[in-house]
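Quick notes on the structure that follows.
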Amino acid sequence: MEALSLSIQGMSCGGCVGKVTTALKSVPGTTVETVAVGSARVVFDPKKTTDTALIAAVNNLGFKAVKA
Ligand SMILES: [Cu+2]
């Protein structure tokens with residue numbers, strides 16, 4: 001497993017936290033550790049997904065995620 005910490009622009013409330021949590025959980029091989037307004041931390045199986053795919057899952061919601 002690998003860890004990925006993200007800094008996420010555009011999140012403003014608990015609704016955003018819920019959306020980001022759901023999106024990250026939907027990525028195969030991913031366990032969500034924490035999601036807060038403006039950040040997230042997950043661990044993932046590099047055989048099943050990539051940091052790029054996880055960032056894309058967040059950005060597809062209209063947020064702007066970068067590695068923290
Ligand atoms: Cu919100």
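Ordering of the structure tokens sets the chain letters (A, B, ...); residue numbers start at 1 within each chain; ligands are numbered from 1 in the order shown.
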Which polymer residues have any atom within 9 Å of an atom of A:Lys64, counting only C-alpha atoms, with same-chain residues fewer than 3 positions away left out, as JSON, numbers by chain? {"A": [7, 8, 9, 10, 11, 55, 58, 59, 60, 61]}
Which residues of chain A come within 10 Å of ligand 1, and what is each one's closest atom pair and distance in Å (one decimal), counting only C-alpha atoms and all ligand atoms, sorted by chain and residue number, as a tab-separated table?
residue	atom	partner	partner_atom_place_in_ligand_line	distance
A:Gly10	CA	ligand 1	1 (Cu)	8.2
A:Met11	CA	ligand 1	1 (Cu)	5.5
A:Ser12	CA	ligand 1	1 (Cu)	4.3
A:Cys13	CA	ligand 1	1 (Cu)	3.7
A:Gly14	CA	ligand 1	1 (Cu)	5.6
A:Gly15	CA	ligand 1	1 (Cu)	4.3
A:Cys16	CA	ligand 1	1 (Cu)	3.7
A:Val17	CA	ligand 1	1 (Cu)	6.9
A:Gly18	CA	ligand 1	1 (Cu)	8.4
A:Lys19	CA	ligand 1	1 (Cu)	8.4
A:Val20	CA	ligand 1	1 (Cu)	9.8
A:Val37	CA	ligand 1	1 (Cu)	8.2
Neighbour list for stretch 43-51 of chain A as a list in words, cut-off 7 Å, only C-alpha atoms, skip fewer than 5 positions in-chain: Met1, Glu2, Ala3, Leu4, Pro28, Gly29, Thr30, Thr31 and Val32 of chain A
Write out the residues from the selection above, keeping N, CA and C atoms, as a PDB file, in the first residue's frame.
ATOM      1  N   MET A   1       0.844  -1.196   0.000  1.00  0.00           N
ATOM      2  CA  MET A   1       0.000   0.000   0.000  1.00  0.00           C
ATOM      3  C   MET A   1       0.881   1.248   0.000  1.00  0.00           C
ATOM      4  N   GLU A   2       0.381   2.275  -0.657  1.00  0.00           N
ATOM      5  CA  GLU A   2       1.063   3.568  -0.667  1.00  0.00           C
ATOM      6  C   GLU A   2       0.134   4.618  -0.079  1.00  0.00           C
ATOM      7  N   ALA A   3       0.712   5.638   0.537  1.00  0.00           N
ATOM      8  CA  ALA A   3      -0.076   6.733   1.098  1.00  0.00           C
ATOM      9  C   ALA A   3      -0.065   7.906   0.127  1.00  0.00           C
ATOM     10  N   LEU A   4      -1.181   8.626   0.102  1.00  0.00           N
ATOM     11  CA  LEU A   4      -1.275   9.831  -0.718  1.00  0.00           C
ATOM     12  C   LEU A   4      -1.988  10.901   0.084  1.00  0.00           C
ATOM     13  N   PRO A  28     -10.968   1.750  -6.981  1.00  0.00           N
ATOM     14  CA  PRO A  28     -10.581   0.404  -6.545  1.00  0.00           C
ATOM     15  C   PRO A  28      -9.262   0.393  -5.774  1.00  0.00           C
ATOM     16  N   GLY A  29      -9.211  -0.402  -4.711  1.00  0.00           N
ATOM     17  CA  GLY A  29      -7.973  -0.574  -3.968  1.00  0.00           C
ATOM     18  C   GLY A  29      -7.633   0.567  -3.034  1.00  0.00           C
ATOM     19  N   THR A  30      -8.609   1.455  -2.781  1.00  0.00           N
ATOM     20  CA  THR A  30      -8.337   2.655  -1.997  1.00  0.00           C
ATOM     21  C   THR A  30      -9.046   2.628  -0.657  1.00  0.00           C
ATOM     22  N   THR A  31      -8.323   2.974   0.401  1.00  0.00           N
ATOM     23  CA  THR A  31      -8.901   3.154   1.729  1.00  0.00           C
ATOM     24  C   THR A  31      -8.760   4.622   2.109  1.00  0.00           C
ATOM     25  N   VAL A  32      -9.875   5.252   2.441  1.00  0.00           N
ATOM     26  CA  VAL A  32      -9.861   6.663   2.825  1.00  0.00           C
ATOM     27  C   VAL A  32      -9.518   6.760   4.304  1.00  0.00           C
TER      28      VAL A  32
END
Ranking A:Ala40, A:Leu54, A:Thr21, A:Val27 by minimum distance to A:Ser5 and counting only C-alpha atoms, which one comes first? A:Ala40
Calculate how many Å separate atom CA of A:Ala23 from atom CA of A:Val66, rounding to one decimal. 15.5 Å
Would you work out the distance separating atom CA of A:Ala36 from atom CA of A:Ala56, expressed in Å to one decimal?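 Value for the atom CA of A:Ala36-atom CA of A:Ala56 distance: 17.8 Å.
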